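**Student:** My structure is in coords_2.pdb, and what it holds is PDB, C-alpha atoms:
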ATOM      1  CA  MET A   1      14.193   2.510  -6.312
ATOM      2  CA  LYS A   2      12.051   5.400  -7.563
ATOM      3  CA  GLY A   3      14.188   5.637 -10.691
ATOM      4  CA  ASP A   4      13.378   1.997 -11.457
ATOM      5  CA  LEU A   5       9.628   2.706 -11.738
ATOM      6  CA  ASP A   6       8.429   3.708 -15.176
ATOM      7  CA  GLN A   7       5.137   5.220 -16.329
ATOM      8  CA  ILE A   8       3.469   1.803 -16.650
ATOM      9  CA  ASP A   9       4.438   0.974 -13.059
ATOM     10  CA  HIS A  10       2.951   4.286 -11.933
ATOM     11  CA  VAL A  11      -0.326   3.568 -13.724
ATOM     12  CA  LEU A  12      -0.486   0.042 -12.302
ATOM     13  CA  LEU A  13       0.225   1.217  -8.749
ATOM     14  CA  THR A  14      -2.303   4.051  -8.963
ATOM     15  CA  ALA A  15      -4.978   1.679 -10.261
ATOM     16  CA  LEU A  16      -4.238  -0.936  -7.591
ATOM     17  CA  LEU A  17      -4.441   1.709  -4.859
ATOM     18  CA  GLN A  18      -7.915   2.614  -6.126
ATOM     19  CA  ASP A  19      -9.085  -1.011  -6.399
ATOM     20  CA  ALA A  20      -6.704  -3.873  -5.699
ATOM     21  CA  ARG A  21      -9.396  -6.363  -6.748
ATOM     22  CA  MET A  22      -9.758  -5.221 -10.347
ATOM     23  CA  SER A  23      -9.280  -7.901 -12.972
ATOM     24  CA  TRP A  24      -5.995  -8.351 -14.798
ATOM     25  CA  SER A  25      -7.668  -7.330 -18.045
ATOM     26  CA  GLU A  26      -9.036  -4.096 -16.564
ATOM     27  CA  LEU A  27      -5.686  -3.319 -14.941
ATOM     28  CA  ALA A  28      -3.913  -4.029 -18.222
ATOM     29  CA  GLY A  29      -6.360  -1.818 -20.119
ATOM     30  CA  ARG A  30      -5.631   1.114 -17.831
ATOM     31  CA  ALA A  31      -1.887   0.673 -18.327
ATOM     32  CA  GLY A  32      -2.143   0.033 -22.070
ATOM     33  CA  VAL A  33      -0.464  -3.380 -21.863
ATOM     34  CA  SER A  34      -1.576  -6.997 -22.143
ATOM     35  CA  ALA A  35      -2.966  -8.859 -19.121
ATOM     36  CA  PRO A  36       0.110 -11.148 -18.913
ATOM     37  CA  THR A  37       2.367  -8.081 -18.989
ATOM     38  CA  ALA A  38       0.337  -6.405 -16.219
ATOM     39  CA  ARG A  39       0.500  -9.585 -14.142
ATOM     40  CA  GLU A  40       4.270  -9.860 -14.628
ATOM     41  CA  ARG A  41       4.775  -6.178 -13.773
ATOM     42  CA  VAL A  42       2.750  -6.539 -10.573
ATOM     43  CA  ARG A  43       4.735  -9.659  -9.618
ATOM     44  CA  ARG A  44       7.968  -7.748 -10.213
ATOM     45  CA  LEU A  45       6.711  -4.886  -8.027
ATOM     46  CA  GLN A  46       5.976  -7.467  -5.323
ATOM     47  CA  ASP A  47       9.368  -9.145  -5.738
ATOM     48  CA  ILE A  48      11.269  -5.881  -5.332
ATOM     49  CA  GLY A  49       9.175  -4.938  -2.298
ATOM     50  CA  VAL A  50       7.236  -1.985  -3.709
ATOM     51  CA  ILE A  51       3.967  -3.882  -3.233
ATOM     52  CA  GLN A  52       4.028  -5.520   0.184
ATOM     53  CA  GLY A  53       0.605  -7.097   0.030
ATOM     54  CA  PHE A  54      -3.072  -6.613  -0.668
ATOM     55  CA  SER A  55      -5.635  -6.057   2.059
ATOM     56  CA  ALA A  56      -9.198  -5.052   2.777
ATOM     57  CA  ASP A  57      -9.831  -1.524   4.046
ATOM     58  CA  LEU A  58     -12.376  -1.881   6.856
ATOM     59  CA  SER A  59     -14.579   0.965   8.045
ATOM     60  CA  ALA A  60     -14.231   1.451  11.797
ATOM     61  CA  ALA A  61     -17.531   3.357  11.842
ATOM     62  CA  ALA A  62     -19.379   0.549  10.033
ATOM     63  CA  LEU A  63     -18.074  -1.813  12.716
ATOM     64  CA  GLY A  64     -19.441   0.456  15.456
ATOM     65  CA  TYR A  65     -16.248   2.344  16.312
ATOM     66  CA  ASN A  66     -17.410   5.935  16.011
ATOM     67  CA  LEU A  67     -14.520   7.559  17.834
ATOM     68  CA  LYS A  68     -10.794   7.661  17.118
ATOM     69  CA  ALA A  69      -8.057   8.818  19.464
ATOM     70  CA  ILE A  70      -4.319   9.253  19.477
ATOM     71  CA  VAL A  71      -2.539   8.226  22.662
ATOM     72  CA  ARG A  72       1.052   9.006  23.561
ATOM     73  CA  PHE A  73       2.512   6.486  26.005
ATOM     74  CA  LYS A  74       5.426   7.321  28.315
ATOM     75  CA  PRO A  75       6.610   4.135  30.033
ATOM     76  CA  LEU A  76       7.252   4.097  33.762
ATOM     77  CA  PRO A  77      10.829   3.160  34.698
ATOM     78  CA  GLY A  78      11.603  -0.433  33.762
ATOM     79  CA  LYS A  79       8.163  -1.005  32.168
ATOM     80  CA  ARG A  80       8.861  -0.386  28.467
ATOM     81  CA  HIS A  81       8.691  -4.069  27.462
ATOM     82  CA  ILE A  82       5.498  -4.629  29.482
ATOM     83  CA  LEU A  83       3.944  -1.536  27.904
ATOM     84  CA  GLU A  84       4.840  -2.673  24.399
ATOM     85  CA  GLN A  85       3.295  -6.090  25.028
ATOM     86  CA  LYS A  86       0.071  -4.552  26.406
ATOM     87  CA  ILE A  87      -0.160  -2.264  23.379
ATOM     88  CA  GLN A  88       0.242  -5.229  21.023
ATOM     89  CA  GLU A  89      -2.463  -7.169  22.909
ATOM     90  CA  THR A  90      -5.056  -4.356  22.790
ATOM     91  CA  PRO A  91      -7.263  -4.859  19.709
ATOM     92  CA  GLN A  92      -8.658  -1.312  19.823
ATOM     93  CA  ILE A  93      -5.152  -0.043  19.059
ATOM     94  CA  VAL A  94      -5.113  -0.176  15.284
ATOM     95  CA  GLN A  95      -1.695   1.395  14.724
ATOM     96  CA  CYS A  96       1.292   2.171  16.906
ATOM     97  CA  ASP A  97       4.720   3.656  16.336
ATOM     98  CA  LYS A  98       7.758   3.481  18.620
ATOM     99  CA  VAL A  99       9.125   7.031  18.643
ATOM    100  CA  THR A 100      11.988   9.095  20.000
ATOM    101  CA  GLY A 101      11.570  11.550  22.847
ATOM    102  CA  GLU A 102       9.801  11.235  26.178
ATOM    103  CA  ASP A 103       6.886   9.332  24.715
ATOM    104  CA  ALA A 104       8.060   5.897  23.654
ATOM    105  CA  PHE A 105       4.914   5.020  21.701
ATOM    106  CA  VAL A 106       2.239   6.911  19.764
ATOM    107  CA  ALA A 107      -0.871   4.864  19.051
ATOM    108  CA  ARG A 108      -4.107   5.303  17.129
ATOM    109  CA  LEU A 109      -7.110   3.601  18.627
ATOM    110  CA  VAL A 110     -10.776   3.180  17.911
ATOM    111  CA  LEU A 111     -13.635   3.336  20.415
ATOM    112  CA  ARG A 112     -17.342   2.699  20.254
ATOM    113  CA  ALA A 113     -18.034   5.590  22.660
ATOM    114  CA  ILE A 114     -16.135   8.081  24.807
ATOM    115  CA  VAL A 115     -17.093   6.125  27.941
ATOM    116  CA  ASP A 116     -14.848   3.319  26.669
ATOM    117  CA  LEU A 117     -11.727   5.494  26.806
ATOM    118  CA  ASP A 118     -11.001   5.494  30.555
ATOM    119  CA  PRO A 119     -11.361   1.723  31.035
ATOM    120  CA  LEU A 120      -9.059   1.143  28.081
ATOM    121  CA  LEU A 121      -6.423   3.571  29.373
ATOM    122  CA  ASP A 122      -6.701   2.134  32.910
ATOM    123  CA  ARG A 123      -5.122  -1.079  31.544
ATOM    124  CA  PHE A 124      -1.892   0.881  31.107
ATOM    125  CA  SER A 125      -1.818   2.784  34.410
ATOM    126  CA  ARG A 126       0.758   0.480  36.039
ATOM    127  CA  CYS A 127       3.226   0.680  33.194
ATOM    128  CA  ALA A 128       2.835   4.141  31.593
ATOM    129  CA  THR A 129       1.485   7.640  31.712
ATOM    130  CA  THR A 130      -0.720   8.622  28.798
ATOM    131  CA  HIS A 131      -1.699  11.768  26.917
ATOM    132  CA  THR A 132      -4.773  11.438  24.743
ATOM    133  CA  SER A 133      -6.237  13.476  21.912
ATOM    134  CA  VAL A 134      -9.616  12.657  20.397
ATOM    135  CA  VAL A 135      -9.557  12.832  16.589
ATOM    136  CA  LYS A 136     -12.108  15.270  15.157
ATOM    137  CA  THR A 137     -11.372  14.708  11.472
ATOM    138  CA  SER A 138      -8.565  13.340   9.337
ATOM    139  CA  PRO A 139      -7.762  15.819   6.571
ATOM    140  CA  VAL A 140      -5.050  13.429   5.365
ATOM    141  CA  PRO A 141      -6.224   9.834   5.781
ATOM    142  CA  HIS A 142      -3.747   6.994   5.518
ATOM    143  CA  ARG A 143      -2.268   7.145   2.055
ATOM    144  CA  ALA A 144       0.501   5.598   0.058
ATOM    145  CA  PRO A 145       3.877   7.349  -0.085
ATOM    146  CA  PRO A 146       4.590   9.311  -3.252
ATOM    147  CA  PHE A 147       6.033   7.263  -6.106
TER     148      PHE A 147
END
Turn this file's structure into C-alpha coordinates for me.

**Tutor:**
Amino acid sequence: MKGDLDQIDHVLLTALLQDARMSWSELAGRAGVSAPTARERVRRLQDIGVIQGFSADLSAAALGYNLKAIVRFKPLPGKRHILEQKIQETPQIVQCDKVTGEDAFVARLVLRAIVDLDPLLDRFSRCATTHTSVVKTSPVPHRAPPF
(Lines of atoms letter the chains of each structure in order from A and count residues from 1; the text may use other names and numbers.)
(Lines give C-alpha, C1' and ligand atoms only; values in the text may rest on other atoms or scores of the structure.)
Protein backbone atom coordinates (compact mmCIF):
# COMPACT_ATOMS: atom_id res chain seq x y z
CA MET A 1 0.00 0.00 0.00
CA LYS A 2 2.74 2.48 0.91
CA GLY A 3 4.27 2.07 -2.54
CA ASP A 4 0.96 3.15 -4.07
CA LEU A 5 1.10 6.58 -2.40
CA ASP A 6 2.89 9.26 -4.37
CA GLN A 7 4.12 12.71 -3.34
CA ILE A 8 0.74 14.33 -4.05
CA ASP A 9 -0.97 11.78 -1.80
CA HIS A 10 1.55 12.56 0.94
CA VAL A 11 0.89 16.30 0.66
CA LEU A 12 -2.88 15.77 0.68
CA LEU A 13 -2.75 13.47 3.72
CA THR A 14 -0.44 15.80 5.64
CA ALA A 15 -2.70 18.77 4.93
CA LEU A 16 -5.85 16.86 5.90
CA LEU A 17 -4.24 15.75 9.17
CA GLN A 18 -3.57 19.41 9.97
CA ASP A 19 -7.08 20.57 9.01
CA ALA A 20 -9.59 18.14 7.54
CA ARG A 21 -12.04 21.01 7.00
CA MET A 22 -9.93 23.02 4.58
CA SER A 23 -11.56 23.84 1.27
CA TRP A 24 -10.89 21.81 -1.85
CA SER A 25 -9.21 24.81 -3.44
CA GLU A 26 -6.86 25.32 -0.49
CA LEU A 27 -6.08 21.60 -0.36
CA ALA A 28 -5.45 21.58 -4.11
CA GLY A 29 -3.20 24.64 -3.83
CA ARG A 30 -1.03 22.91 -1.24
CA ALA A 31 -0.68 19.85 -3.46
CA GLY A 32 -0.18 21.84 -6.67
CA VAL A 33 -3.17 20.26 -8.42
CA SER A 34 -6.66 21.37 -9.41
CA ALA A 35 -9.55 21.17 -6.94
CA PRO A 36 -11.26 18.36 -8.92
CA THR A 37 -7.99 16.41 -8.92
CA ALA A 38 -7.60 16.89 -5.15
CA ARG A 39 -11.19 15.77 -4.61
CA GLU A 40 -10.68 12.67 -6.77
CA ARG A 41 -7.41 11.82 -5.01
CA VAL A 42 -9.06 12.10 -1.60
CA ARG A 43 -11.95 9.90 -2.76
CA ARG A 44 -9.45 7.33 -4.03
CA LEU A 45 -7.64 7.41 -0.67
CA GLN A 46 -11.00 6.78 1.00
CA ASP A 47 -11.90 3.99 -1.43
CA ILE A 48 -8.65 2.12 -0.80
CA GLY A 49 -9.03 2.53 2.96
CA VAL A 50 -6.15 4.91 3.67
CA ILE A 51 -8.61 7.57 4.86
CA GLN A 52 -11.18 5.90 7.09
CA GLY A 53 -13.17 8.99 7.93
CA PHE A 54 -13.10 12.56 9.15
CA SER A 55 -13.83 13.54 12.73
CA ALA A 56 -13.69 16.34 15.25
CA ASP A 57 -10.87 16.30 17.80
CA LEU A 58 -12.48 17.22 21.13
CA SER A 59 -10.53 18.60 24.07
CA ALA A 60 -11.16 16.52 27.19
CA ALA A 61 -9.93 19.41 29.35
CA ALA A 62 -12.31 21.90 27.70
CA LEU A 63 -15.13 19.48 28.52
CA GLY A 64 -14.07 19.39 32.18
CA TYR A 65 -12.03 16.18 32.13
CA ASN A 66 -8.76 17.34 33.64
CA LEU A 67 -7.33 13.93 34.43
CA LYS A 68 -6.40 10.98 32.22
CA ALA A 69 -5.59 7.46 33.35
CA ILE A 70 -4.57 4.16 31.86
CA VAL A 71 -6.22 1.09 33.35
CA ARG A 72 -5.18 -2.50 32.78
CA PHE A 73 -8.05 -4.94 33.28
CA LYS A 74 -7.49 -8.60 34.19
CA PRO A 75 -10.81 -10.45 33.98
CA LEU A 76 -11.88 -12.78 36.77
CA PRO A 77 -12.47 -16.37 35.64
CA GLY A 78 -15.42 -16.61 33.28
CA LYS A 79 -16.04 -12.83 33.28
CA ARG A 80 -14.21 -11.70 30.13
CA HIS A 81 -17.39 -11.07 28.09
CA ILE A 82 -19.05 -9.21 30.98
CA LEU A 83 -15.92 -7.10 31.44
CA GLU A 84 -15.77 -6.23 27.75
CA GLN A 85 -19.42 -5.17 27.77
CA LYS A 86 -18.92 -2.98 30.87
CA ILE A 87 -15.89 -1.34 29.26
CA GLN A 88 -17.89 -0.59 26.11
CA GLU A 89 -20.72 0.91 28.19
CA THR A 90 -18.47 3.25 30.21
CA PRO A 91 -18.36 6.65 28.47
CA GLN A 92 -15.30 7.83 30.41
CA ILE A 93 -13.30 5.09 28.66
CA VAL A 94 -12.27 6.84 25.48
CA GLN A 95 -10.06 4.09 24.05
CA CYS A 96 -9.52 0.43 24.80
CA ASP A 97 -7.39 -2.33 23.32
CA LYS A 98 -7.76 -6.08 23.81
CA VAL A 99 -4.21 -7.30 24.45
CA THR A 100 -2.22 -10.46 25.02
CA GLY A 101 -0.85 -11.44 28.41
CA GLU A 102 -2.46 -11.45 31.84
CA ASP A 103 -4.27 -8.19 31.26
CA ALA A 104 -6.98 -8.72 28.68
CA PHE A 105 -7.72 -5.03 28.15
CA VAL A 106 -5.79 -1.76 28.38
CA ALA A 107 -8.00 1.32 28.46
CA ARG A 108 -7.53 5.08 28.46
CA LEU A 109 -10.07 7.02 30.43
CA VAL A 110 -10.85 10.60 31.32
CA LEU A 111 -11.93 11.94 34.71
CA ARG A 112 -13.08 15.28 35.99
CA ALA A 113 -11.22 14.76 39.29
CA ILE A 114 -9.23 12.07 41.09
CA VAL A 115 -12.18 11.44 43.43
CA ASP A 116 -14.06 10.06 40.41
CA LEU A 117 -11.55 7.24 39.90
CA ASP A 118 -12.57 4.83 42.68
CA PRO A 119 -16.32 4.92 41.93
CA LEU A 120 -15.58 4.29 38.27
CA LEU A 121 -13.27 1.35 39.01
CA ASP A 122 -15.74 -0.07 41.56
CA ARG A 123 -18.08 -0.82 38.62
CA PHE A 124 -15.58 -3.46 37.51
CA SER A 125 -14.80 -5.09 40.87
CA ARG A 126 -17.03 -8.12 40.28
CA CYS A 127 -15.57 -8.96 36.90
CA ALA A 128 -11.90 -7.86 36.95
CA THR A 129 -8.88 -6.73 38.85
CA THR A 130 -7.42 -3.41 37.76
CA HIS A 131 -4.06 -1.66 37.73
CA THR A 132 -4.21 2.08 37.17
CA SER A 133 -1.67 4.70 36.18
CA VAL A 134 -2.52 8.40 36.14
CA VAL A 135 -1.19 10.14 33.03
CA LYS A 136 1.12 13.07 33.82
CA THR A 137 1.84 14.16 30.25
CA SER A 138 1.67 12.69 26.76
CA PRO A 139 4.97 13.28 24.98
CA VAL A 140 3.54 11.46 21.96
CA PRO A 141 -0.16 12.30 21.57
CA HIS A 142 -2.33 10.24 19.28
CA ARG A 143 -0.89 10.57 15.81
CA ALA A 144 -1.28 9.07 12.40
CA PRO A 145 0.95 6.16 11.39
CA PRO A 146 3.88 7.02 9.14
CA PHE A 147 3.06 7.10 5.43

**Student:** Show me, as JSON, the centre and edge lengths in Å to one decimal of the axis-aligned box that covers every listed atom of region 125-137 of chain A with 5 Å on each side.

**Tutor:**
{"center_x": -4.4, "center_y": 7.9, "center_z": 23.8, "size_x": 25.3, "size_y": 24.8, "size_z": 34.6}

**Student:** Out of A:Ala28, A:Leu83, A:Ile93, A:Leu17, which residue has the shortest atom-to-atom distance to Arg108 (chain A) when counting all atoms listed in the file?

**Tutor:**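 Nearest to Arg108 (chain A): A:Ile93.
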
**Student:** Apply the PyMOL selection byres ((chain A and resi 79) around 12) to the displayed file and report the matching residues as a list in words.

**Tutor:**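 When the PyMOL selection byres ((chain A and resi 79) around 12) is applied to the shown file, the picked residues are Phe73, Lys74, Pro75, Leu76, Pro77, Gly78, Arg80, His81, Ile82, Leu83, Glu84, Gln85, Lys86, Ala104, Phe124, Ser125, Arg126, Cys127, Ala128 and Thr129 of chain A.
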
**Student:** I'd like the neighbourhood of Ser34 (chain A) as a list in words, where a residue qualifies if any of its atoms comes within 9 Å (using only C-alpha atoms), though same-chain residues fewer than 4 positions away should be ignored.

**Tutor:** Trp24, Ser25, Ala28, Gly29, Ala38 and Arg39 of chain A

**Student:** Which residue is closest to Leu67 (chain A)? Choose from A:Ile87, A:Val94, A:Leu109, A:Leu27 and count all atoms listed in the file.

**Tutor:** A:Leu109

**Student:** Quick one: pull the distance between CA of Gln92 (chain A) and CA of Leu120 (chain A), Å, one decimal.

**Tutor:**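 Interatomic distance, CA of Gln92 (chain A) to CA of Leu120 (chain A): 8.6 Å.
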
**Student:** Record the distance separating CA of Arg112 (chain A) and CA of Ala60 (chain A), expressed in Å with one decimal.

**Tutor:**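 Computing it gives 9.1 Å between the two atoms.
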
**Student:** Dig up all the protein and nucleic acid residues within 12 Å of (-2.2, -6.0, -17.4) in the file frame, using only C-alpha atoms, and format them as a PDB file with C-alpha atoms, in the coordinates of the input.

**Tutor:**
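Produced file part30.pdb, reproduced below:
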ATOM      1  CA  ILE A   8       3.469   1.803 -16.650  1.00  0.00           C
ATOM      2  CA  ASP A   9       4.438   0.974 -13.059  1.00  0.00           C
ATOM      3  CA  VAL A  11      -0.326   3.568 -13.724  1.00  0.00           C
ATOM      4  CA  LEU A  12      -0.486   0.042 -12.302  1.00  0.00           C
ATOM      5  CA  LEU A  13       0.225   1.217  -8.749  1.00  0.00           C
ATOM      6  CA  ALA A  15      -4.978   1.679 -10.261  1.00  0.00           C
ATOM      7  CA  LEU A  16      -4.238  -0.936  -7.591  1.00  0.00           C
ATOM      8  CA  MET A  22      -9.758  -5.221 -10.347  1.00  0.00           C
ATOM      9  CA  SER A  23      -9.280  -7.901 -12.972  1.00  0.00           C
ATOM     10  CA  TRP A  24      -5.995  -8.351 -14.798  1.00  0.00           C
ATOM     11  CA  SER A  25      -7.668  -7.330 -18.045  1.00  0.00           C
ATOM     12  CA  GLU A  26      -9.036  -4.096 -16.564  1.00  0.00           C
ATOM     13  CA  LEU A  27      -5.686  -3.319 -14.941  1.00  0.00           C
ATOM     14  CA  ALA A  28      -3.913  -4.029 -18.222  1.00  0.00           C
ATOM     15  CA  GLY A  29      -6.360  -1.818 -20.119  1.00  0.00           C
ATOM     16  CA  ARG A  30      -5.631   1.114 -17.831  1.00  0.00           C
ATOM     17  CA  ALA A  31      -1.887   0.673 -18.327  1.00  0.00           C
ATOM     18  CA  GLY A  32      -2.143   0.033 -22.070  1.00  0.00           C
ATOM     19  CA  VAL A  33      -0.464  -3.380 -21.863  1.00  0.00           C
ATOM     20  CA  SER A  34      -1.576  -6.997 -22.143  1.00  0.00           C
ATOM     21  CA  ALA A  35      -2.966  -8.859 -19.121  1.00  0.00           C
ATOM     22  CA  PRO A  36       0.110 -11.148 -18.913  1.00  0.00           C
ATOM     23  CA  THR A  37       2.367  -8.081 -18.989  1.00  0.00           C
ATOM     24  CA  ALA A  38       0.337  -6.405 -16.219  1.00  0.00           C
ATOM     25  CA  ARG A  39       0.500  -9.585 -14.142  1.00  0.00           C
ATOM     26  CA  GLU A  40       4.270  -9.860 -14.628  1.00  0.00           C
ATOM     27  CA  ARG A  41       4.775  -6.178 -13.773  1.00  0.00           C
ATOM     28  CA  VAL A  42       2.750  -6.539 -10.573  1.00  0.00           C
ATOM     29  CA  ARG A  43       4.735  -9.659  -9.618  1.00  0.00           C
TER      30      ARG A  43
END

**Student:** What does the PyMOL selection byres ((chain A and resi 133) around 9) select in this file, as a list in words?

**Tutor:**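 Answer for the PyMOL selection byres ((chain A and resi 133) around 9): Lys68, Ala69, Ile70, Val71, Arg72, His131, Thr132, Val134 and Val135 of chain A.
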
**Student:** Provide the CA of Pro119 (chain A) to CA of Ser138 (chain A) distance in Å, to one decimal place.

**Tutor:**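 Going from CA of Pro119 (chain A) over to CA of Ser138 (chain A) covers 24.8 Å.
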